[in-house]
Amino acid sequence: MPATPVGPTDPLAVPRFAGLATFARLPQLDQVDRADVVVVGVPFDSGTTYRPGARFGPAHVRESSRLLRPYNPELEVGPFSSQQVADAGDIACNPFDIKEAVGQIEAGARLLARGGTRLVSVGGDHTIALPLLRVMAELHGPVAVLHFDAHLDTWDTYFGAPYTHGTPFRRASEEGLIDPRRSVHVGTRGPLYAASDLSETEELGYGVISCSAIDRLGPAGAAAAVRDRLGRGPIYVSVDIDVLDPAHAPGTGTPEAGGMTSRELFGLVRSLKGSEIVSADVVEVAPAYDHAQITGIAAAHITYELISLMALDNGRTSAEQR
């Protein structure tokens, strides 16, 4: 019989504004015997091409998560009571050498994921998705990538550098980390470098559901299109917070007008109920541009929704095993 999960600090015993700012005031990893899911920060932003500052994202999201509560009524699950979730702190990486940092992130993630522990990584810029996908592909084979972002992030290089926040999903495709029949970008919008950007991303194995397509399809139609593309099998969810309109997420490095609302994003994520989400990241929160924790709160809540989905899948898997 597994031990009862250790949940967040009781807000009626310790006020929410007091104590250590772990994610959702969860226990630290070294305070529990095991973990089904770990939240890990990756404070790296040397791959940014415009506004820096996402290295401070993990701390900001943790601070913004203090008001999260232990029951999710929309998904009808207690994400912290049905599985052990812990905060693993941060993966420290070299801010001056991108290639070395990518290796350090990969090594840190591999260590945390051993034994089947699922990772929810808080960045940091989108460069971190590549080493995280390497680890997931080692464990599960090529995974479907569900990528929420204003941008495709499948460009070849920036300034001759192969590893940046605009290139991780091209590298992931080239390295055979993704399932090209099931991967998809959602929420894209704004100007591109050329029309070939879209054809190239499709050749790499990604479908595209843009913000304008979401408008045409409506919430239910967009959710059905996402699920149809993903099919069955392991899924890696990557959320660039700039998929939200700057009104809902001003604190990010490459904002684009005309984006999704927080409610629209939550609805699409919740529509994944029953899917096999093996890992996820929430990236590109740059607190220097945030106001009243608007972006940090949105990122904390989307992280909470992803952990809730993992709790549902964890319960299903446990039942199947019994």
# chains A, B, ... in the order shown; residues from 1 in each chain; ligands from 1
>>> residues_around(residues="Val269 of chain A", least_positions_apart="4", cutoff="12 Å", atoms="only C-alpha atoms", output="number ranges by chain")
A: 74-75, 146-148, 186, 219-220, 222-224, 226-227, 237-239, 262-265, 273-275, 277, 280, 301-310
>>> write_last_selection(atoms="N, CA and C atoms", output="mmCIF file, in the first residue's frame")
data_model
loop_
_atom_site.group_PDB
_atom_site.id
_atom_site.type_symbol
_atom_site.label_atom_id
_atom_site.label_comp_id
_atom_site.auth_asym_id
_atom_site.auth_seq_id
_atom_site.Cartn_x
_atom_site.Cartn_y
_atom_site.Cartn_z
ATOM 1 N N GLU A 74 -13.035 21.632 -12.174
ATOM 2 C CA GLU A 74 -13.287 21.449 -13.601
ATOM 3 C C GLU A 74 -12.926 20.039 -14.055
ATOM 4 N N LEU A 75 -11.842 19.500 -13.538
ATOM 5 C CA LEU A 75 -11.417 18.145 -13.888
ATOM 6 C C LEU A 75 -11.823 17.117 -12.829
ATOM 7 N N LEU A 146 2.570 18.519 -28.217
ATOM 8 C CA LEU A 146 1.499 19.507 -28.261
ATOM 9 C C LEU A 146 2.106 20.818 -27.807
ATOM 10 N N HIS A 147 2.276 21.714 -28.750
ATOM 11 C CA HIS A 147 3.063 22.926 -28.532
ATOM 12 C C HIS A 147 2.148 24.148 -28.619
ATOM 13 N N PHE A 148 1.847 24.739 -27.471
ATOM 14 C CA PHE A 148 1.086 25.983 -27.425
ATOM 15 C C PHE A 148 2.054 27.160 -27.497
ATOM 16 N N VAL A 186 -0.198 24.926 -31.612
ATOM 17 C CA VAL A 186 -1.523 25.509 -31.375
ATOM 18 C C VAL A 186 -1.364 26.949 -30.886
ATOM 19 N N PRO A 219 -14.415 26.752 -29.591
ATOM 20 C CA PRO A 219 -13.746 25.969 -28.543
ATOM 21 C C PRO A 219 -13.872 24.460 -28.733
ATOM 22 N N ALA A 220 -15.077 23.973 -28.990
ATOM 23 C CA ALA A 220 -15.275 22.526 -29.121
ATOM 24 C C ALA A 220 -14.581 21.987 -30.368
ATOM 25 N N ALA A 222 -11.966 23.302 -31.943
ATOM 26 C CA ALA A 222 -10.516 23.361 -31.769
ATOM 27 C C ALA A 222 -10.036 22.210 -30.899
ATOM 28 N N ALA A 223 -10.774 21.936 -29.825
ATOM 29 C CA ALA A 223 -10.402 20.817 -28.944
ATOM 30 C C ALA A 223 -10.449 19.496 -29.698
ATOM 31 N N ALA A 224 -11.469 19.312 -30.534
ATOM 32 C CA ALA A 224 -11.582 18.074 -31.313
ATOM 33 C C ALA A 224 -10.435 17.954 -32.306
ATOM 34 N N VAL A 226 -7.417 19.216 -32.007
ATOM 35 C CA VAL A 226 -6.201 18.897 -31.261
ATOM 36 C C VAL A 226 -6.174 17.415 -30.904
ATOM 37 N N ARG A 227 -7.250 16.926 -30.364
ATOM 38 C CA ARG A 227 -7.300 15.520 -29.945
ATOM 39 C C ARG A 227 -7.186 14.576 -31.139
ATOM 40 N N VAL A 237 3.600 18.025 -23.535
ATOM 41 C CA VAL A 237 2.924 19.317 -23.686
ATOM 42 C C VAL A 237 3.910 20.437 -23.370
ATOM 43 N N SER A 238 4.062 21.352 -24.304
ATOM 44 C CA SER A 238 4.959 22.490 -24.115
ATOM 45 C C SER A 238 4.157 23.775 -24.257
ATOM 46 N N VAL A 239 4.139 24.582 -23.201
ATOM 47 C CA VAL A 239 3.340 25.811 -23.183
ATOM 48 C C VAL A 239 4.265 27.021 -23.092
ATOM 49 N N SER A 262 -6.710 33.430 -21.204
ATOM 50 C CA SER A 262 -6.382 32.367 -20.247
ATOM 51 C C SER A 262 -7.466 31.307 -20.241
ATOM 52 N N ARG A 263 -8.724 31.726 -20.269
ATOM 53 C CA ARG A 263 -9.836 30.773 -20.212
ATOM 54 C C ARG A 263 -9.822 29.856 -21.438
ATOM 55 N N GLU A 264 -9.530 30.400 -22.610
ATOM 56 C CA GLU A 264 -9.468 29.571 -23.820
ATOM 57 C C GLU A 264 -8.351 28.529 -23.715
ATOM 58 N N LEU A 265 -7.197 28.943 -23.205
ATOM 59 C CA LEU A 265 -6.090 28.005 -23.066
ATOM 60 C C LEU A 265 -6.430 26.914 -22.057
ATOM 61 N N LYS A 273 -8.229 15.589 -21.149
ATOM 62 C CA LYS A 273 -8.592 14.612 -20.126
ATOM 63 C C LYS A 273 -8.625 13.214 -20.721
ATOM 64 N N GLY A 274 -7.896 12.300 -20.087
ATOM 65 C CA GLY A 274 -7.809 10.940 -20.584
ATOM 66 C C GLY A 274 -6.601 10.674 -21.456
ATOM 67 N N SER A 275 -5.834 11.707 -21.766
ATOM 68 C CA SER A 275 -4.641 11.542 -22.595
ATOM 69 C C SER A 275 -3.442 11.131 -21.748
ATOM 70 N N ILE A 277 -0.210 12.061 -20.817
ATOM 71 C CA ILE A 277 0.776 13.149 -20.772
ATOM 72 C C ILE A 277 1.954 12.689 -19.930
ATOM 73 N N ALA A 280 5.729 17.797 -19.288
ATOM 74 C CA ALA A 280 5.259 19.091 -19.778
ATOM 75 C C ALA A 280 6.226 20.183 -19.352
ATOM 76 N N HIS A 301 -1.361 28.607 -12.906
ATOM 77 C CA HIS A 301 -2.610 27.880 -13.101
ATOM 78 C C HIS A 301 -2.513 26.863 -14.228
ATOM 79 N N ILE A 302 -1.811 27.183 -15.301
ATOM 80 C CA ILE A 302 -1.682 26.197 -16.377
ATOM 81 C C ILE A 302 -0.816 25.033 -15.911
ATOM 82 N N THR A 303 0.173 25.303 -15.080
ATOM 83 C CA THR A 303 0.971 24.228 -14.494
ATOM 84 C C THR A 303 0.094 23.330 -13.632
ATOM 85 N N TYR A 304 -0.784 23.934 -12.852
ATOM 86 C CA TYR A 304 -1.735 23.197 -12.003
ATOM 87 C C TYR A 304 -2.658 22.317 -12.849
ATOM 88 N N GLU A 305 -3.139 22.847 -13.979
ATOM 89 C CA GLU A 305 -4.015 22.060 -14.851
ATOM 90 C C GLU A 305 -3.267 20.859 -15.422
ATOM 91 N N LEU A 306 -2.022 21.035 -15.791
ATOM 92 C CA LEU A 306 -1.226 19.929 -16.338
ATOM 93 C C LEU A 306 -0.993 18.851 -15.279
ATOM 94 N N ILE A 307 -0.702 19.270 -14.053
ATOM 95 C CA ILE A 307 -0.535 18.299 -12.962
ATOM 96 C C ILE A 307 -1.851 17.570 -12.701
ATOM 97 N N SER A 308 -2.973 18.275 -12.824
ATOM 98 C CA SER A 308 -4.282 17.648 -12.636
ATOM 99 C C SER A 308 -4.534 16.577 -13.686
ATOM 100 N N LEU A 309 -4.175 16.855 -14.932
ATOM 101 C CA LEU A 309 -4.329 15.856 -15.995
ATOM 102 C C LEU A 309 -3.467 14.628 -15.712
ATOM 103 N N MET A 310 -2.280 14.849 -15.193
ATOM 104 C CA MET A 310 -1.409 13.724 -14.846
ATOM 105 C C MET A 310 -2.011 12.896 -13.719
#
>>> residues_around(residues="segment 246-253 of chain A", least_positions_apart="2", cutoff="10 Å", atoms="only C-alpha atoms", output="mmCIF file with N, CA and C atoms, in the first residue's frame")
data_model
loop_
_atom_site.group_PDB
_atom_site.id
_atom_site.type_symbol
_atom_site.label_atom_id
_atom_site.label_comp_id
_atom_site.auth_asym_id
_atom_site.auth_seq_id
_atom_site.Cartn_x
_atom_site.Cartn_y
_atom_site.Cartn_z
ATOM 1 N N ASP A 45 17.918 31.512 -19.750
ATOM 2 C CA ASP A 45 17.350 32.316 -20.834
ATOM 3 C C ASP A 45 18.402 32.832 -21.813
ATOM 4 N N THR A 48 17.382 33.371 -25.639
ATOM 5 C CA THR A 48 16.397 34.355 -26.077
ATOM 6 C C THR A 48 16.963 35.239 -27.174
ATOM 7 N N THR A 49 16.070 35.696 -28.052
ATOM 8 C CA THR A 49 16.490 36.532 -29.175
ATOM 9 C C THR A 49 15.959 37.959 -29.080
ATOM 10 N N TYR A 50 15.130 38.242 -28.079
ATOM 11 C CA TYR A 50 14.598 39.604 -27.937
ATOM 12 C C TYR A 50 14.708 40.039 -26.479
ATOM 13 N N ARG A 51 13.638 39.989 -25.698
ATOM 14 C CA ARG A 51 13.706 40.482 -24.328
ATOM 15 C C ARG A 51 14.139 39.365 -23.388
ATOM 16 N N PRO A 52 15.236 39.528 -22.660
ATOM 17 C CA PRO A 52 15.673 38.501 -21.710
ATOM 18 C C PRO A 52 14.908 38.597 -20.392
ATOM 19 N N GLY A 53 15.165 37.657 -19.499
ATOM 20 C CA GLY A 53 14.586 37.713 -18.162
ATOM 21 C C GLY A 53 13.845 36.468 -17.739
ATOM 22 N N ALA A 54 13.674 35.498 -18.648
ATOM 23 C CA ALA A 54 12.952 34.276 -18.276
ATOM 24 C C ALA A 54 13.731 33.412 -17.294
ATOM 25 N N GLY A 57 11.909 33.290 -14.265
ATOM 26 C CA GLY A 57 10.558 32.754 -14.351
ATOM 27 C C GLY A 57 10.203 31.738 -13.289
ATOM 28 N N ASP A 125 13.662 29.918 -20.925
ATOM 29 C CA ASP A 125 13.202 30.111 -22.288
ATOM 30 C C ASP A 125 12.979 28.766 -22.966
ATOM 31 N N ASP A 240 4.384 27.733 -24.187
ATOM 32 C CA ASP A 240 5.025 29.049 -24.154
ATOM 33 C C ASP A 240 3.956 30.035 -23.725
ATOM 34 N N ILE A 241 4.184 30.759 -22.649
ATOM 35 C CA ILE A 241 3.154 31.633 -22.101
ATOM 36 C C ILE A 241 2.750 32.725 -23.082
ATOM 37 N N ASP A 242 3.588 32.982 -24.119
ATOM 38 C CA ASP A 242 3.194 34.001 -25.097
ATOM 39 C C ASP A 242 2.112 33.505 -26.053
ATOM 40 N N VAL A 243 1.633 32.252 -25.885
ATOM 41 C CA VAL A 243 0.444 31.834 -26.622
ATOM 42 C C VAL A 243 -0.749 32.677 -26.187
ATOM 43 N N LEU A 244 -0.689 33.190 -24.961
ATOM 44 C CA LEU A 244 -1.724 34.098 -24.475
ATOM 45 C C LEU A 244 -1.518 35.494 -25.049
ATOM 46 N N PRO A 255 6.219 39.045 -27.126
ATOM 47 C CA PRO A 255 4.756 39.133 -27.156
ATOM 48 C C PRO A 255 4.228 39.374 -28.564
ATOM 49 N N GLU A 256 3.065 38.781 -28.845
ATOM 50 C CA GLU A 256 2.380 38.967 -30.128
ATOM 51 C C GLU A 256 0.918 39.286 -29.848
ATOM 52 N N ALA A 257 0.386 40.326 -30.495
ATOM 53 C CA ALA A 257 -1.017 40.690 -30.315
ATOM 54 C C ALA A 257 -1.928 39.629 -30.934
ATOM 55 N N GLY A 258 -3.173 39.604 -30.449
ATOM 56 C CA GLY A 258 -4.179 38.727 -31.046
ATOM 57 C C GLY A 258 -4.171 37.313 -30.526
ATOM 58 N N GLY A 259 -3.728 37.113 -29.288
ATOM 59 C CA GLY A 259 -3.580 35.765 -28.762
ATOM 60 C C GLY A 259 -4.794 35.253 -28.010
ATOM 61 N N MET A 260 -4.616 34.076 -27.417
ATOM 62 C CA MET A 260 -5.687 33.412 -26.679
ATOM 63 C C MET A 260 -5.891 34.075 -25.317
ATOM 64 N N THR A 261 -7.083 33.900 -24.769
ATOM 65 C CA THR A 261 -7.316 34.279 -23.384
ATOM 66 C C THR A 261 -6.883 33.128 -22.474
ATOM 67 N N SER A 262 -6.710 33.430 -21.204
ATOM 68 C CA SER A 262 -6.382 32.367 -20.247
ATOM 69 C C SER A 262 -7.466 31.307 -20.241
ATOM 70 N N ARG A 263 -8.724 31.726 -20.269
ATOM 71 C CA ARG A 263 -9.836 30.773 -20.212
ATOM 72 C C ARG A 263 -9.822 29.856 -21.438
ATOM 73 N N VAL A 283 6.969 27.781 -20.186
ATOM 74 C CA VAL A 283 8.196 28.558 -20.382
ATOM 75 C C VAL A 283 7.906 30.009 -20.771
ATOM 76 N N GLU A 284 8.992 30.778 -20.806
ATOM 77 C CA GLU A 284 9.031 32.151 -21.315
ATOM 78 C C GLU A 284 8.319 33.169 -20.435
ATOM 79 N N VAL A 285 8.213 32.882 -19.133
ATOM 80 C CA VAL A 285 7.704 33.888 -18.185
ATOM 81 C C VAL A 285 8.867 34.790 -17.798
ATOM 82 N N ALA A 286 8.745 36.066 -18.128
ATOM 83 C CA ALA A 286 9.793 37.050 -17.848
ATOM 84 C C ALA A 286 9.228 38.095 -16.885
ATOM 85 N N PRO A 287 9.459 37.940 -15.591
ATOM 86 C CA PRO A 287 8.763 38.755 -14.593
ATOM 87 C C PRO A 287 9.058 40.248 -14.661
ATOM 88 N N ALA A 288 10.167 40.649 -15.246
ATOM 89 C CA ALA A 288 10.459 42.083 -15.318
ATOM 90 C C ALA A 288 9.406 42.841 -16.115
ATOM 91 N N TYR A 289 8.693 42.144 -16.996
ATOM 92 C CA TYR A 289 7.666 42.783 -17.828
ATOM 93 C C TYR A 289 6.258 42.475 -17.323
ATOM 94 N N ASP A 290 6.157 41.789 -16.181
ATOM 95 C CA ASP A 290 4.859 41.411 -15.644
ATOM 96 C C ASP A 290 4.297 42.543 -14.790
ATOM 97 N N HIS A 291 2.985 42.497 -14.601
ATOM 98 C CA HIS A 291 2.297 43.478 -13.772
ATOM 99 C C HIS A 291 1.343 42.731 -12.852
ATOM 100 N N GLN A 293 1.566 40.233 -11.113
ATOM 101 C CA GLN A 293 1.652 38.774 -11.269
ATOM 102 C C GLN A 293 0.664 38.209 -12.296
ATOM 103 N N ILE A 294 0.220 39.029 -13.253
ATOM 104 C CA ILE A 294 -0.748 38.550 -14.247
ATOM 105 C C ILE A 294 -0.201 37.325 -14.975
ATOM 106 N N THR A 295 1.016 37.427 -15.471
ATOM 107 C CA THR A 295 1.618 36.336 -16.227
ATOM 108 C C THR A 295 1.979 35.175 -15.313
ATOM 109 N N GLY A 296 2.538 35.491 -14.152
ATOM 110 C CA GLY A 296 2.924 34.446 -13.216
ATOM 111 C C GLY A 296 1.733 33.626 -12.754
ATOM 112 N N ILE A 297 0.608 34.286 -12.497
ATOM 113 C CA ILE A 297 -0.596 33.572 -12.062
ATOM 114 C C ILE A 297 -1.122 32.686 -13.186
ATOM 115 N N ALA A 298 -1.134 33.200 -14.414
ATOM 116 C CA ALA A 298 -1.568 32.381 -15.551
ATOM 117 C C ALA A 298 -0.679 31.152 -15.693
ATOM 118 N N ALA A 299 0.634 31.342 -15.577
ATOM 119 C CA ALA A 299 1.567 30.215 -15.700
ATOM 120 C C ALA A 299 1.394 29.221 -14.562
#
>>> residues_around(residues="Gly116 of chain A", least_positions_apart="2", cutoff="10 Å", atoms="only C-alpha atoms", output="PyMOL selection string")
chain A and resi 35-37+112-114+118-119+139+278
>>> closest_residue(among="A:Leu204, A:Glu76, A:Pro27, A:Ser81", to="Thr4 of chain A", atoms="only C-alpha atoms")
A:Ser81
>>> atom_distance(atom1="atom CA of Leu67 of chain A", atom2="atom CA of Asp87 of chain A")
16.0 Å
>>> closest_residue(among="A:Arg181, A:Thr164, A:Asp245, A:Phe96", to="Asp149 of chain A", atoms="only C-alpha atoms")
A:Asp245
>>> decode(residues="segment 120-200 of chain A", atoms="C-alpha atoms", output="mmCIF file, in the first residue's frame")
data_model
loop_
_atom_site.group_PDB
_atom_site.id
_atom_site.type_symbol
_atom_site.label_atom_id
_atom_site.label_comp_id
_atom_site.auth_asym_id
_atom_site.auth_seq_id
_atom_site.Cartn_x
_atom_site.Cartn_y
_atom_site.Cartn_z
ATOM 1 C CA VAL A 120 6.577 19.530 -15.133
ATOM 2 C CA SER A 121 9.359 21.968 -15.922
ATOM 3 C CA VAL A 122 9.039 25.710 -15.427
ATOM 4 C CA GLY A 123 11.390 27.833 -17.503
ATOM 5 C CA GLY A 124 13.335 29.559 -18.561
ATOM 6 C CA ASP A 125 13.202 30.111 -22.288
ATOM 7 C CA HIS A 126 12.006 27.591 -24.851
ATOM 8 C CA THR A 127 15.506 26.258 -25.516
ATOM 9 C CA ILE A 128 14.926 23.955 -22.538
ATOM 10 C CA ALA A 129 12.332 21.894 -24.435
ATOM 11 C CA LEU A 130 15.000 20.155 -26.521
ATOM 12 C CA PRO A 131 16.946 18.474 -23.678
ATOM 13 C CA LEU A 132 13.684 17.605 -21.935
ATOM 14 C CA LEU A 133 12.383 15.947 -25.107
ATOM 15 C CA ARG A 134 15.608 13.968 -25.419
ATOM 16 C CA VAL A 135 14.962 12.448 -22.015
ATOM 17 C CA MET A 136 11.296 11.711 -22.779
ATOM 18 C CA ALA A 137 12.197 10.040 -26.082
ATOM 19 C CA GLU A 138 14.692 7.828 -24.235
ATOM 20 C CA LEU A 139 11.929 6.706 -21.877
ATOM 21 C CA HIS A 140 8.948 6.494 -24.216
ATOM 22 C CA GLY A 141 10.228 6.571 -27.780
ATOM 23 C CA PRO A 142 9.203 9.420 -30.107
ATOM 24 C CA VAL A 143 6.432 11.403 -28.426
ATOM 25 C CA ALA A 144 3.638 13.572 -29.743
ATOM 26 C CA VAL A 145 4.413 17.218 -29.069
ATOM 27 C CA LEU A 146 1.499 19.507 -28.261
ATOM 28 C CA HIS A 147 3.063 22.926 -28.532
ATOM 29 C CA PHE A 148 1.086 25.983 -27.425
ATOM 30 C CA ASP A 149 2.894 29.063 -28.710
ATOM 31 C CA ALA A 150 2.500 32.245 -30.713
ATOM 32 C CA HIS A 151 5.531 31.079 -32.710
ATOM 33 C CA LEU A 152 6.493 27.922 -34.569
ATOM 34 C CA ASP A 153 9.956 27.582 -32.980
ATOM 35 C CA THR A 154 11.063 25.444 -35.920
ATOM 36 C CA TRP A 155 13.510 27.887 -37.446
ATOM 37 C CA ASP A 156 16.981 26.613 -38.296
ATOM 38 C CA THR A 157 19.337 29.035 -36.535
ATOM 39 C CA TYR A 158 19.584 32.490 -35.050
ATOM 40 C CA PHE A 159 22.885 34.262 -35.676
ATOM 41 C CA GLY A 160 24.319 30.884 -36.662
ATOM 42 C CA ALA A 161 23.440 29.301 -33.289
ATOM 43 C CA PRO A 162 21.594 25.958 -33.575
ATOM 44 C CA TYR A 163 20.250 25.988 -29.999
ATOM 45 C CA THR A 164 17.964 28.934 -29.238
ATOM 46 C CA HIS A 165 14.399 29.442 -28.071
ATOM 47 C CA GLY A 166 13.318 29.646 -31.714
ATOM 48 C CA THR A 167 14.833 26.321 -32.831
ATOM 49 C CA PRO A 168 14.032 23.513 -30.329
ATOM 50 C CA PHE A 169 11.293 21.817 -32.315
ATOM 51 C CA ARG A 170 13.328 21.706 -35.517
ATOM 52 C CA ARG A 171 16.187 20.071 -33.620
ATOM 53 C CA ALA A 172 13.730 17.686 -31.941
ATOM 54 C CA SER A 173 12.368 16.601 -35.317
ATOM 55 C CA GLU A 174 15.856 16.201 -36.800
ATOM 56 C CA GLU A 175 16.911 14.055 -33.827
ATOM 57 C CA GLY A 176 13.876 11.789 -34.164
ATOM 58 C CA LEU A 177 12.430 12.747 -30.767
ATOM 59 C CA ILE A 178 8.890 13.492 -31.967
ATOM 60 C CA ASP A 179 6.108 11.485 -33.571
ATOM 61 C CA PRO A 180 5.646 13.402 -36.853
ATOM 62 C CA ARG A 181 2.132 12.003 -37.381
ATOM 63 C CA ARG A 182 0.820 13.341 -34.087
ATOM 64 C CA SER A 183 2.620 16.607 -33.235
ATOM 65 C CA VAL A 184 0.984 20.017 -33.504
ATOM 66 C CA HIS A 185 1.512 23.736 -32.880
ATOM 67 C CA VAL A 186 -1.523 25.509 -31.375
ATOM 68 C CA GLY A 187 -2.181 29.243 -31.013
ATOM 69 C CA THR A 188 0.312 30.503 -33.601
ATOM 70 C CA ARG A 189 -0.150 33.984 -35.003
ATOM 71 C CA GLY A 190 1.699 37.060 -36.168
ATOM 72 C CA PRO A 191 4.147 37.726 -39.005
ATOM 73 C CA LEU A 192 6.587 35.104 -40.282
ATOM 74 C CA TYR A 193 9.901 35.402 -42.095
ATOM 75 C CA ALA A 194 8.471 33.766 -45.226
ATOM 76 C CA ALA A 195 5.567 31.619 -46.423
ATOM 77 C CA SER A 196 7.990 28.690 -46.445
ATOM 78 C CA ASP A 197 8.069 28.778 -42.633
ATOM 79 C CA LEU A 198 4.694 27.027 -42.612
ATOM 80 C CA SER A 199 5.525 24.434 -45.252
ATOM 81 C CA GLU A 200 8.855 23.663 -43.563
#
